[in-house]
$ cat work-v5.pdb   # PDB, C-alpha atoms, pLDDT in the B column
MODEL        1
ATOM      1  CA  MET A   1       2.891  -3.081  17.970  1.00 43.00           C
ATOM      2  CA  SER A   2       1.370  -0.112  16.246  1.00 48.00           C
ATOM      3  CA  TYR A   3       2.165  -0.933  12.671  1.00 59.00           C
ATOM      4  CA  GLY A   4      -1.373  -0.485  11.420  1.00 63.00           C
ATOM      5  CA  GLU A   5      -1.838  -3.856   9.742  1.00 66.00           C
ATOM      6  CA  GLY A   6      -5.315  -5.223   9.272  1.00 69.00           C
ATOM      7  CA  SER A   7      -6.435  -8.019  11.541  1.00 72.00           C
ATOM      8  CA  SER A   8      -3.955 -10.891  11.497  1.00 77.00           C
ATOM      9  CA  ARG A   9      -4.768 -13.772   9.181  1.00 82.00           C
ATOM     10  CA  PRO A  10      -7.211 -16.226  10.802  1.00 85.00           C
ATOM     11  CA  ALA A  11      -6.121 -19.886  10.837  1.00 81.00           C
ATOM     12  CA  SER A  12      -8.960 -21.449   8.885  1.00 83.00           C
ATOM     13  CA  GLY A  13     -12.627 -21.632   8.081  1.00 89.00           C
ATOM     14  CA  PHE A  14     -15.036 -18.822   7.274  1.00 92.00           C
ATOM     15  CA  GLU A  15     -12.879 -16.130   8.902  1.00 91.00           C
ATOM     16  CA  LEU A  16      -9.921 -17.068   6.697  1.00 93.00           C
ATOM     17  CA  TRP A  17     -12.079 -16.861   3.563  1.00 94.00           C
ATOM     18  CA  SER A  18     -13.472 -13.543   4.769  1.00 95.00           C
ATOM     19  CA  TRP A  19      -9.915 -12.275   5.357  1.00 94.00           C
ATOM     20  CA  PHE A  20      -8.874 -13.181   1.801  1.00 95.00           C
ATOM     21  CA  PHE A  21     -12.115 -11.824   0.350  1.00 96.00           C
ATOM     22  CA  MET A  22     -11.558  -8.420   1.991  1.00 96.00           C
ATOM     23  CA  ARG A  23      -8.077  -8.131   0.499  1.00 96.00           C
ATOM     24  CA  ILE A  24      -8.892  -9.415  -2.988  1.00 97.00           C
ATOM     25  CA  SER A  25     -12.155  -7.464  -3.320  1.00 98.00           C
ATOM     26  CA  GLY A  26     -10.398  -4.420  -1.861  1.00 98.00           C
ATOM     27  CA  LEU A  27      -7.696  -4.605  -4.516  1.00 97.00           C
ATOM     28  CA  LEU A  28     -10.286  -4.887  -7.323  1.00 98.00           C
ATOM     29  CA  LEU A  29     -12.398  -2.100  -5.805  1.00 98.00           C
ATOM     30  CA  ILE A  30      -9.433   0.281  -5.845  1.00 98.00           C
ATOM     31  CA  PHE A  31      -9.604   0.164  -9.658  1.00 97.00           C
ATOM     32  CA  LEU A  32     -13.397  -0.103 -10.013  1.00 98.00           C
ATOM     33  CA  VAL A  33     -14.312   2.607  -7.503  1.00 98.00           C
ATOM     34  CA  LEU A  34     -11.508   5.084  -8.236  1.00 98.00           C
ATOM     35  CA  GLY A  35     -12.352   4.641 -11.941  1.00 98.00           C
ATOM     36  CA  HIS A  36     -16.022   5.255 -11.177  1.00 98.00           C
ATOM     37  CA  LEU A  37     -15.224   8.362  -9.105  1.00 97.00           C
ATOM     38  CA  TYR A  38     -12.898   9.694 -11.793  1.00 97.00           C
ATOM     39  CA  ILE A  39     -15.541   9.317 -14.519  1.00 97.00           C
ATOM     40  CA  MET A  40     -18.490  10.573 -12.446  1.00 96.00           C
ATOM     41  CA  HIS A  41     -16.934  13.315 -10.320  1.00 94.00           C
ATOM     42  CA  ILE A  42     -13.893  14.547 -12.266  1.00 95.00           C
ATOM     43  CA  LEU A  43     -14.559  14.015 -15.999  1.00 95.00           C
ATOM     44  CA  ASN A  44     -18.265  14.602 -15.413  1.00 95.00           C
ATOM     45  CA  SER A  45     -19.981  16.057 -12.377  1.00 93.00           C
ATOM     46  CA  VAL A  46     -23.093  15.631 -10.297  1.00 92.00           C
ATOM     47  CA  GLU A  47     -24.385  18.788 -11.997  1.00 91.00           C
ATOM     48  CA  ILE A  48     -24.777  17.013 -15.346  1.00 94.00           C
ATOM     49  CA  ILE A  49     -25.731  13.532 -14.142  1.00 96.00           C
ATOM     50  CA  ASP A  50     -29.425  12.970 -14.823  1.00 96.00           C
ATOM     51  CA  TYR A  51     -31.716  10.304 -16.241  1.00 97.00           C
ATOM     52  CA  ASN A  52     -30.462  10.807 -19.810  1.00 96.00           C
ATOM     53  CA  PHE A  53     -26.850  10.525 -18.646  1.00 97.00           C
ATOM     54  CA  VAL A  54     -27.617   7.201 -16.972  1.00 97.00           C
ATOM     55  CA  ALA A  55     -29.637   5.968 -19.972  1.00 97.00           C
ATOM     56  CA  ARG A  56     -26.773   6.751 -22.374  1.00 97.00           C
ATOM     57  CA  ARG A  57     -24.293   5.001 -20.123  1.00 97.00           C
ATOM     58  CA  TRP A  58     -26.439   1.933 -19.607  1.00 98.00           C
ATOM     59  CA  ALA A  59     -27.062   1.628 -23.349  1.00 97.00           C
ATOM     60  CA  ASN A  60     -23.682  -0.105 -23.194  1.00 96.00           C
ATOM     61  CA  ILE A  61     -23.879  -3.558 -21.593  1.00 97.00           C
ATOM     62  CA  GLY A  62     -20.206  -3.235 -20.658  1.00 98.00           C
ATOM     63  CA  TRP A  63     -20.992  -0.395 -18.237  1.00 98.00           C
ATOM     64  CA  ARG A  64     -23.906  -2.371 -16.766  1.00 98.00           C
ATOM     65  CA  THR A  65     -21.504  -5.256 -16.153  1.00 98.00           C
ATOM     66  CA  TYR A  66     -18.904  -2.907 -14.626  1.00 98.00           C
ATOM     67  CA  ASP A  67     -21.563  -1.394 -12.365  1.00 98.00           C
ATOM     68  CA  TRP A  68     -22.913  -4.780 -11.249  1.00 98.00           C
ATOM     69  CA  VAL A  69     -19.472  -6.190 -10.399  1.00 98.00           C
ATOM     70  CA  MET A  70     -18.695  -2.985  -8.495  1.00 98.00           C
ATOM     71  CA  LEU A  71     -22.093  -3.121  -6.740  1.00 98.00           C
ATOM     72  CA  ALA A  72     -21.663  -6.722  -5.596  1.00 98.00           C
ATOM     73  CA  LEU A  73     -18.019  -6.377  -4.516  1.00 98.00           C
ATOM     74  CA  ALA A  74     -18.534  -3.038  -2.730  1.00 98.00           C
ATOM     75  CA  LEU A  75     -21.701  -4.219  -0.984  1.00 98.00           C
ATOM     76  CA  PHE A  76     -20.168  -7.474   0.297  1.00 98.00           C
ATOM     77  CA  HIS A  77     -16.857  -5.763   1.151  1.00 98.00           C
ATOM     78  CA  GLY A  78     -18.748  -3.127   3.138  1.00 98.00           C
ATOM     79  CA  ALA A  79     -21.179  -5.591   4.730  1.00 98.00           C
ATOM     80  CA  ASN A  80     -18.292  -7.816   5.817  1.00 97.00           C
ATOM     81  CA  GLY A  81     -16.534  -4.784   7.313  1.00 97.00           C
ATOM     82  CA  ILE A  82     -19.690  -3.911   9.266  1.00 97.00           C
ATOM     83  CA  ARG A  83     -19.952  -7.563  10.402  1.00 97.00           C
ATOM     84  CA  VAL A  84     -16.437  -7.340  11.870  1.00 94.00           C
ATOM     85  CA  ILE A  85     -17.331  -4.061  13.600  1.00 95.00           C
ATOM     86  CA  ILE A  86     -20.497  -5.594  15.093  1.00 96.00           C
ATOM     87  CA  ASP A  87     -18.356  -8.504  16.322  1.00 93.00           C
ATOM     88  CA  ASP A  88     -15.973  -6.011  17.959  1.00 92.00           C
ATOM     89  CA  TYR A  89     -18.482  -3.771  19.694  1.00 93.00           C
ATOM     90  CA  ALA A  90     -21.850  -5.556  20.110  1.00 91.00           C
ATOM     91  CA  HIS A  91     -21.327  -8.105  22.857  1.00 89.00           C
ATOM     92  CA  ARG A  92     -24.784  -8.487  24.388  1.00 90.00           C
ATOM     93  CA  PRO A  93     -26.302 -11.488  22.596  1.00 90.00           C
ATOM     94  CA  GLY A  94     -29.687  -9.876  21.901  1.00 94.00           C
ATOM     95  CA  TRP A  95     -28.230  -6.709  20.374  1.00 95.00           C
ATOM     96  CA  ARG A  96     -25.591  -8.655  18.483  1.00 95.00           C
ATOM     97  CA  THR A  97     -28.290 -10.799  16.855  1.00 96.00           C
ATOM     98  CA  PHE A  98     -30.388  -7.703  16.135  1.00 97.00           C
ATOM     99  CA  TRP A  99     -27.533  -5.897  14.335  1.00 97.00           C
ATOM    100  CA  MET A 100     -26.449  -9.004  12.409  1.00 97.00           C
ATOM    101  CA  VAL A 101     -29.985  -9.786  11.196  1.00 98.00           C
ATOM    102  CA  LEU A 102     -30.494  -6.129  10.238  1.00 98.00           C
ATOM    103  CA  LEU A 103     -27.180  -6.144   8.350  1.00 98.00           C
ATOM    104  CA  TYR A 104     -27.977  -9.319   6.416  1.00 98.00           C
ATOM    105  CA  VAL A 105     -31.530  -8.221   5.563  1.00 98.00           C
ATOM    106  CA  VAL A 106     -30.433  -4.741   4.401  1.00 98.00           C
ATOM    107  CA  THR A 107     -27.518  -6.171   2.392  1.00 98.00           C
ATOM    108  CA  PHE A 108     -29.815  -8.672   0.655  1.00 98.00           C
ATOM    109  CA  ILE A 109     -32.416  -6.004  -0.162  1.00 98.00           C
ATOM    110  CA  LEU A 110     -29.761  -3.633  -1.563  1.00 98.00           C
ATOM    111  CA  LEU A 111     -28.234  -6.373  -3.729  1.00 98.00           C
ATOM    112  CA  VAL A 112     -31.708  -7.104  -5.128  1.00 98.00           C
ATOM    113  CA  LEU A 113     -32.510  -3.401  -5.744  1.00 98.00           C
ATOM    114  CA  GLY A 114     -29.206  -2.762  -7.522  1.00 98.00           C
ATOM    115  CA  THR A 115     -29.461  -5.918  -9.617  1.00 98.00           C
ATOM    116  CA  VAL A 116     -33.095  -5.266 -10.562  1.00 98.00           C
ATOM    117  CA  VAL A 117     -32.418  -1.772 -11.917  1.00 98.00           C
ATOM    118  CA  LEU A 118     -29.302  -2.883 -13.834  1.00 98.00           C
ATOM    119  CA  VAL A 119     -31.156  -5.795 -15.453  1.00 98.00           C
ATOM    120  CA  THR A 120     -34.540  -4.173 -16.120  1.00 97.00           C
ATOM    121  CA  PHE A 121     -33.487  -0.644 -17.169  1.00 97.00           C
ATOM    122  CA  PRO A 122     -34.670  -0.332 -20.804  1.00 95.00           C
ATOM    123  CA  PHE A 123     -32.133  -0.450 -23.610  1.00 92.00           C
ATOM    124  CA  PRO A 124     -32.652   2.264 -26.251  1.00 86.00           C
ATOM    125  CA  ALA A 125     -34.988   1.093 -29.021  1.00 76.00           C
TER     126      ALA A 125
ATOM    127  CA  MET B 126     -13.828   4.401  25.271  1.00 36.00           C
ATOM    128  CA  GLY B 127     -14.487   0.797  24.376  1.00 41.00           C
ATOM    129  CA  LEU B 128     -12.435   1.150  21.219  1.00 47.00           C
ATOM    130  CA  TYR B 129     -10.315  -1.609  19.791  1.00 46.00           C
ATOM    131  CA  ARG B 130      -7.049  -1.961  21.729  1.00 46.00           C
ATOM    132  CA  GLY B 131      -5.055  -4.044  19.270  1.00 47.00           C
ATOM    133  CA  TYR B 132      -2.629  -1.225  18.622  1.00 48.00           C
ATOM    134  CA  ARG B 133      -1.002   1.062  21.151  1.00 51.00           C
ATOM    135  CA  GLY B 134      -1.096   4.632  19.958  1.00 53.00           C
ATOM    136  CA  SER B 135       0.835   6.307  17.135  1.00 70.00           C
ATOM    137  CA  GLN B 136       0.322   6.162  13.370  1.00 75.00           C
ATOM    138  CA  GLY B 137      -0.915   2.578  13.099  1.00 78.00           C
ATOM    139  CA  GLN B 138      -3.742   3.274  15.533  1.00 83.00           C
ATOM    140  CA  TRP B 139      -4.789   6.399  13.663  1.00 87.00           C
ATOM    141  CA  ALA B 140      -4.563   4.724  10.270  1.00 90.00           C
ATOM    142  CA  TRP B 141      -6.690   1.855  11.569  1.00 91.00           C
ATOM    143  CA  MET B 142      -9.321   4.119  13.163  1.00 92.00           C
ATOM    144  CA  LEU B 143      -9.556   6.281  10.039  1.00 95.00           C
ATOM    145  CA  HIS B 144      -9.917   3.112   7.958  1.00 96.00           C
ATOM    146  CA  ARG B 145     -12.937   2.007  10.003  1.00 96.00           C
ATOM    147  CA  LEU B 146     -14.448   5.472  10.147  1.00 97.00           C
ATOM    148  CA  SER B 147     -14.092   6.023   6.386  1.00 98.00           C
ATOM    149  CA  GLY B 148     -15.375   2.485   5.767  1.00 98.00           C
ATOM    150  CA  VAL B 149     -18.558   3.073   7.765  1.00 98.00           C
ATOM    151  CA  GLY B 150     -19.096   6.458   6.099  1.00 98.00           C
ATOM    152  CA  ILE B 151     -18.633   4.989   2.618  1.00 98.00           C
ATOM    153  CA  MET B 152     -21.004   2.123   3.453  1.00 98.00           C
ATOM    154  CA  LEU B 153     -23.719   4.557   4.596  1.00 98.00           C
ATOM    155  CA  PHE B 154     -23.320   6.500   1.357  1.00 97.00           C
ATOM    156  CA  LEU B 155     -23.309   3.277  -0.695  1.00 98.00           C
ATOM    157  CA  MET B 156     -26.633   2.220   0.841  1.00 98.00           C
ATOM    158  CA  MET B 157     -28.164   5.567  -0.110  1.00 97.00           C
ATOM    159  CA  HIS B 158     -26.532   5.471  -3.548  1.00 97.00           C
ATOM    160  CA  ILE B 159     -27.938   2.010  -4.391  1.00 98.00           C
ATOM    161  CA  VAL B 160     -31.441   3.222  -3.507  1.00 98.00           C
ATOM    162  CA  ASP B 161     -31.121   6.449  -5.553  1.00 97.00           C
ATOM    163  CA  THR B 162     -29.782   4.484  -8.527  1.00 98.00           C
ATOM    164  CA  PHE B 163     -32.628   1.971  -8.176  1.00 98.00           C
ATOM    165  CA  LEU B 164     -35.046   4.904  -8.576  1.00 98.00           C
ATOM    166  CA  ALA B 165     -33.705   5.424 -12.136  1.00 97.00           C
ATOM    167  CA  GLY B 166     -35.983   2.501 -12.967  1.00 97.00           C
ATOM    168  CA  PHE B 167     -38.987   4.757 -12.247  1.00 97.00           C
ATOM    169  CA  GLY B 168     -38.264   7.105 -15.132  1.00 96.00           C
ATOM    170  CA  PRO B 169     -36.820  10.596 -15.732  1.00 97.00           C
ATOM    171  CA  GLN B 170     -39.153  12.582 -13.458  1.00 97.00           C
ATOM    172  CA  VAL B 171     -38.477  10.567 -10.324  1.00 97.00           C
ATOM    173  CA  TYR B 172     -34.738  10.165 -10.959  1.00 97.00           C
ATOM    174  CA  ASN B 173     -34.053  13.794 -11.892  1.00 97.00           C
ATOM    175  CA  HIS B 174     -35.961  14.880  -8.807  1.00 96.00           C
ATOM    176  CA  VAL B 175     -33.753  12.681  -6.613  1.00 95.00           C
ATOM    177  CA  MET B 176     -30.559  13.840  -8.338  1.00 95.00           C
ATOM    178  CA  ALA B 177     -31.505  17.469  -7.657  1.00 95.00           C
ATOM    179  CA  ILE B 178     -30.788  16.741  -3.972  1.00 94.00           C
ATOM    180  CA  TYR B 179     -27.150  15.916  -4.790  1.00 93.00           C
ATOM    181  CA  LYS B 180     -26.770  19.161  -6.746  1.00 93.00           C
ATOM    182  CA  ALA B 181     -27.365  21.264  -3.621  1.00 93.00           C
ATOM    183  CA  PRO B 182     -24.181  23.063  -2.458  1.00 92.00           C
ATOM    184  CA  LEU B 183     -24.134  21.186   0.886  1.00 94.00           C
ATOM    185  CA  PHE B 184     -24.132  17.846  -0.930  1.00 94.00           C
ATOM    186  CA  MET B 185     -21.434  19.006  -3.344  1.00 93.00           C
ATOM    187  CA  VAL B 186     -19.207  19.717  -0.343  1.00 94.00           C
ATOM    188  CA  LEU B 187     -20.088  16.325   1.174  1.00 95.00           C
ATOM    189  CA  GLU B 188     -19.158  14.822  -2.212  1.00 95.00           C
ATOM    190  CA  VAL B 189     -15.600  16.110  -1.698  1.00 97.00           C
ATOM    191  CA  VAL B 190     -15.568  14.522   1.777  1.00 97.00           C
ATOM    192  CA  LEU B 191     -16.804  11.260   0.239  1.00 97.00           C
ATOM    193  CA  VAL B 192     -14.086  11.248  -2.419  1.00 98.00           C
ATOM    194  CA  GLY B 193     -11.490  11.984   0.293  1.00 98.00           C
ATOM    195  CA  GLY B 194     -12.804   9.090   2.392  1.00 98.00           C
ATOM    196  CA  VAL B 195     -12.731   6.671  -0.539  1.00 98.00           C
ATOM    197  CA  VAL B 196      -9.219   7.725  -1.615  1.00 98.00           C
ATOM    198  CA  TYR B 197      -7.946   7.335   1.974  1.00 98.00           C
ATOM    199  CA  HIS B 198      -9.655   3.935   2.380  1.00 98.00           C
ATOM    200  CA  ALA B 199      -8.161   2.760  -0.943  1.00 98.00           C
ATOM    201  CA  VAL B 200      -4.605   3.967  -0.274  1.00 98.00           C
ATOM    202  CA  ASN B 201      -4.547   2.729   3.348  1.00 96.00           C
ATOM    203  CA  GLY B 202      -6.112  -0.575   2.266  1.00 96.00           C
ATOM    204  CA  LEU B 203      -3.349  -0.999  -0.294  1.00 96.00           C
ATOM    205  CA  ARG B 204      -0.744  -0.409   2.430  1.00 94.00           C
ATOM    206  CA  VAL B 205      -2.436  -3.018   4.637  1.00 94.00           C
ATOM    207  CA  ILE B 206      -2.459  -5.512   1.729  1.00 94.00           C
ATOM    208  CA  ILE B 207       1.255  -4.888   1.066  1.00 93.00           C
ATOM    209  CA  ILE B 208       2.074  -5.566   4.732  1.00 91.00           C
ATOM    210  CA  ASP B 209      -0.202  -8.639   4.867  1.00 89.00           C
ATOM    211  CA  PHE B 210       1.382 -10.374   1.899  1.00 89.00           C
ATOM    212  CA  TRP B 211       4.928  -9.074   2.416  1.00 88.00           C
ATOM    213  CA  PRO B 212       5.538  -8.780   6.182  1.00 83.00           C
ATOM    214  CA  ASN B 213       9.136  -7.613   5.570  1.00 86.00           C
ATOM    215  CA  ALA B 214       7.621  -4.279   4.535  1.00 84.00           C
ATOM    216  CA  LEU B 215       7.001  -3.665   8.260  1.00 83.00           C
ATOM    217  CA  ARG B 216      10.683  -2.753   8.518  1.00 85.00           C
ATOM    218  CA  TRP B 217       9.754   0.419   6.637  1.00 87.00           C
ATOM    219  CA  HIS B 218       6.366   0.943   8.233  1.00 85.00           C
ATOM    220  CA  LYS B 219       7.015   4.615   8.933  1.00 87.00           C
ATOM    221  CA  SER B 220       8.129   5.229   5.338  1.00 91.00           C
ATOM    222  CA  LEU B 221       5.021   3.385   4.162  1.00 91.00           C
ATOM    223  CA  ILE B 222       2.818   5.724   6.205  1.00 92.00           C
ATOM    224  CA  VAL B 223       4.646   8.742   4.777  1.00 94.00           C
ATOM    225  CA  ALA B 224       4.254   7.332   1.239  1.00 95.00           C
ATOM    226  CA  GLU B 225       0.565   6.754   1.952  1.00 95.00           C
ATOM    227  CA  VAL B 226       0.036  10.358   3.002  1.00 96.00           C
ATOM    228  CA  ILE B 227       1.873  11.599  -0.113  1.00 98.00           C
ATOM    229  CA  VAL B 228      -0.145   9.350  -2.473  1.00 98.00           C
ATOM    230  CA  PHE B 229      -3.356  10.440  -0.725  1.00 98.00           C
ATOM    231  CA  LEU B 230      -2.510  14.138  -1.152  1.00 98.00           C
ATOM    232  CA  VAL B 231      -1.426  13.708  -4.786  1.00 98.00           C
ATOM    233  CA  LEU B 232      -4.748  12.018  -5.634  1.00 98.00           C
ATOM    234  CA  PHE B 233      -7.061  14.024  -3.405  1.00 98.00           C
ATOM    235  CA  ILE B 234      -5.885  17.636  -3.730  1.00 98.00           C
ATOM    236  CA  PRO B 235      -6.390  17.919  -7.526  1.00 97.00           C
ATOM    237  CA  ALA B 236      -9.757  16.146  -7.224  1.00 97.00           C
ATOM    238  CA  ALA B 237     -10.871  18.495  -4.440  1.00 97.00           C
ATOM    239  CA  VAL B 238      -9.696  21.558  -6.390  1.00 96.00           C
ATOM    240  CA  ILE B 239     -11.657  20.452  -9.475  1.00 96.00           C
ATOM    241  CA  MET B 240     -14.834  19.629  -7.514  1.00 95.00           C
ATOM    242  CA  LEU B 241     -14.764  22.734  -5.309  1.00 94.00           C
ATOM    243  CA  GLY B 242     -13.820  24.844  -8.337  1.00 93.00           C
ATOM    244  CA  ARG B 243     -17.144  23.893  -9.916  1.00 88.00           C
ATOM    245  CA  LEU B 244     -18.989  24.910  -6.801  1.00 84.00           C
ATOM    246  CA  PHE B 245     -17.298  28.280  -6.322  1.00 83.00           C
ATOM    247  CA  GLY B 246     -16.190  29.008  -9.903  1.00 72.00           C
TER     248      GLY B 246
ENDMDL
END
$ encode --input "work-v5.pdb" --output "structure tokens"
Amino acid sequence: MSYGEGSSRPASGFELWSWFFMRISGLLLIFLVLGHLYIMHILNSVEIIDYNFVARRWANIGWRTYDWVMLALALFHGANGIRVIIDDYAHRPGWRTFWMVLLYVVTFILLVLGTVVLVTFPFPA
Amino acid sequence: MGLYRGYRGSQGQWAWMLHRLSGVGIMLFLMMHIVDTFLAGFGPQVYNHVMAIYKAPLFMVLEVVLVGGVVYHAVNGLRVIIIDFWPNALRWHKSLIVAEVIVFLVLFIPAAVIMLGRLFG
């Protein structure tokens, strides 16, 4: 039927965990990301966001924590979504492996980049 | 077309396709956004130079598209979660879709007006 549910709940194993992760992270991301968009694009705007804006924000460890949780959840939520899409469309074994490896490598690199800047960005003296 | 055939036409199919499409679009932006934020670690000159790209009018319009995509993905995702954990809600699936569209418009229209107002105001 055309009710527009997500994929039906898998019986067990990794796919079941992935199914729950998508829903739980999705629910948390609704608050984290809509909050982020509201602060950055409605209360403030891209016109005033610059290095000093970021430095002032990251002077507060609470915002660094918020940003890291959002980074990790959004990245894994998105990467898992792409994994499902690769599973749906990439059937030839060679290409499937290529896309999966690329996805995992890029996801790992992005998690490292985001974490590095959040941890190493200098606190104001 | 080689698209997923789990649903047969109508609103569910469209909601599902838009969910995937918005998801992929958001993911592409997120990848770019993590890299541009990482560049803040290289100091004001590098970061402000990168941010200047986002201040171009074309990118400010794309920003509205991005916010629309995220709001849709969030509201539709919430509807999917409601159905997943409370299958009885399927009895009102058409009302849920209508409610989704209303919530989307209520959140997105004011946001778009504010963002585009800055660009044209």
$ residues_around --input "work-v5.pdb" --residues "B:Pro169" --least-positions-apart "3" --cutoff "8 Å" --atoms "all atoms listed in the file" --output "PDB file with C-alpha atoms, in the coordinates of the input"
ATOM      1  CA  ASP A  50     -29.425  12.970 -14.823  1.00 96.00           C
ATOM      2  CA  TYR A  51     -31.716  10.304 -16.241  1.00 97.00           C
ATOM      3  CA  ASN A  52     -30.462  10.807 -19.810  1.00 96.00           C
TER       4      ASN A  52
ATOM      5  CA  ALA B 165     -33.705   5.424 -12.136  1.00 97.00           C
ATOM      6  CA  TYR B 172     -34.738  10.165 -10.959  1.00 97.00           C
ATOM      7  CA  ASN B 173     -34.053  13.794 -11.892  1.00 97.00           C
TER       8      ASN B 173
END
$ residues_around --input "work-v5.pdb" --residues "B:Val196" --least-positions-apart "5" --cutoff "10 Å" --atoms "all atoms listed in the file" --output "VMD selection string"
(chain A and resid 30 33 to 34 37) or (chain B and resid 147 190 to 191 201 to 202 228 to 230 232 to 233)
$ write_last_selection --input "work-v5.pdb" --atoms "C-alpha atoms" --output "PDB file, in the frame of the given file"
ATOM      1  CA  ILE A  30      -9.433   0.281  -5.845  1.00 98.00           C
ATOM      2  CA  VAL A  33     -14.312   2.607  -7.503  1.00 98.00           C
ATOM      3  CA  LEU A  34     -11.508   5.084  -8.236  1.00 98.00           C
ATOM      4  CA  LEU A  37     -15.224   8.362  -9.105  1.00 97.00           C
TER       5      LEU A  37
ATOM      6  CA  SER B 147     -14.092   6.023   6.386  1.00 98.00           C
ATOM      7  CA  VAL B 190     -15.568  14.522   1.777  1.00 97.00           C
ATOM      8  CA  LEU B 191     -16.804  11.260   0.239  1.00 97.00           C
ATOM      9  CA  ASN B 201      -4.547   2.729   3.348  1.00 96.00           C
ATOM     10  CA  GLY B 202      -6.112  -0.575   2.266  1.00 96.00           C
ATOM     11  CA  VAL B 228      -0.145   9.350  -2.473  1.00 98.00           C
ATOM     12  CA  PHE B 229      -3.356  10.440  -0.725  1.00 98.00           C
ATOM     13  CA  LEU B 230      -2.510  14.138  -1.152  1.00 98.00           C
ATOM     14  CA  LEU B 232      -4.748  12.018  -5.634  1.00 98.00           C
ATOM     15  CA  PHE B 233      -7.061  14.024  -3.405  1.00 98.00           C
TER      16      PHE B 233
END
$ atom_distance --input "work-v5.pdb" --atom1 "atom CA of A:Thr115" --atom2 "atom CA of A:Val69"
10.0 Å
$ closest_atom_pairs --input "work-v5.pdb" --of "chain A" --to "chain B" --cutoff "8 Å" --atoms "only C-alpha atoms" --output "Markdown table"
| residue | atom | partner | partner_atom | distance |
| --- | --- | --- | --- | --- |
| A:Met1 | CA | B:Tyr132 | CA | 5.9 |
| A:Ser2 | CA | B:Gly137 | CA | 4.7 |
| A:Tyr3 | CA | B:Gly137 | CA | 4.7 |
| A:Gly4 | CA | B:Gly137 | CA | 3.5 |
| A:Glu5 | CA | B:Val205 | CA | 5.2 |
| A:Gly6 | CA | B:Val205 | CA | 5.9 |
| A:Ser8 | CA | B:Asp209 | CA | 7.9 |
| A:Arg23 | CA | B:Ile206 | CA | 6.3 |
| A:Gly26 | CA | B:Gly202 | CA | 7.1 |
| A:Leu27 | CA | B:Leu203 | CA | 7.1 |
| A:Ile30 | CA | B:Ala199 | CA | 5.6 |
| A:Leu34 | CA | B:Val196 | CA | 7.5 |
| A:Leu37 | CA | B:Val192 | CA | 7.4 |
| A:His41 | CA | B:Met240 | CA | 7.2 |
| A:Ile42 | CA | B:Ala236 | CA | 6.7 |
| A:Ser45 | CA | B:Met240 | CA | 7.9 |
| A:Val46 | CA | B:Lys180 | CA | 6.2 |
| A:Glu47 | CA | B:Lys180 | CA | 5.8 |
| A:Ile49 | CA | B:Met176 | CA | 7.6 |
| A:Asp50 | CA | B:Asn173 | CA | 5.5 |
| A:Tyr51 | CA | B:Pro169 | CA | 5.1 |
| A:Asn52 | CA | B:Pro169 | CA | 7.6 |
| A:Val54 | CA | B:Ala165 | CA | 8.0 |
| A:Leu75 | CA | B:Leu155 | CA | 7.7 |
| A:Gly78 | CA | B:Met152 | CA | 5.7 |
| A:Ala79 | CA | B:Met152 | CA | 7.8 |
| A:Gly81 | CA | B:Gly148 | CA | 7.5 |
| A:Ile82 | CA | B:Val149 | CA | 7.2 |
| A:Asp88 | CA | B:Tyr129 | CA | 7.4 |
| A:Tyr89 | CA | B:Gly127 | CA | 7.7 |
| A:Leu110 | CA | B:Ile159 | CA | 6.6 |
| A:Leu113 | CA | B:Phe163 | CA | 5.9 |
| A:Gly114 | CA | B:Ile159 | CA | 5.8 |
| A:Val116 | CA | B:Phe163 | CA | 7.6 |
| A:Val117 | CA | B:Phe163 | CA | 5.3 |
| A:Thr120 | CA | B:Gly166 | CA | 7.5 |
| A:Phe121 | CA | B:Gly166 | CA | 5.8 |
$ closest_residue --input "work-v5.pdb" --among "A:Phe98, A:Leu32, A:Tyr38, A:Pro93" --to "A:Thr65" --atoms "all atoms listed in the file"
A:Leu32
$ closest_residue --input "work-v5.pdb" --among "A:Ile48, A:Ile39, A:Leu103, A:Leu118" --to "A:Asn60" --atoms "all atoms listed in the file"
A:Leu118
$ atom_distance --input "work-v5.pdb" --atom1 "atom CA of A:Thr107" --atom2 "atom CA of A:Arg9"
24.9 Å
$ atom_distance --input "work-v5.pdb" --atom1 "atom CA of A:Tyr104" --atom2 "atom CA of A:His36"
25.8 Å
$ closest_residue --input "work-v5.pdb" --among "A:His77, A:Val106, A:Trp99, A:Asn44" --to "A:Phe20" --atoms "only C-alpha atoms"
A:His77
$ closest_residue --input "work-v5.pdb" --among "A:Phe31, A:Ile109, A:Glu15, A:Pro10" --to "A:Met70" --atoms "only C-alpha atoms"
A:Phe31
$ residues_near_point --input "work-v5.pdb" --point "(-32.4, 3.9, -27.4)" --cutoff "9 Å" --atoms "only C-alpha atoms" --output "ChimeraX atom specification"
/A:55-56,59,122-125
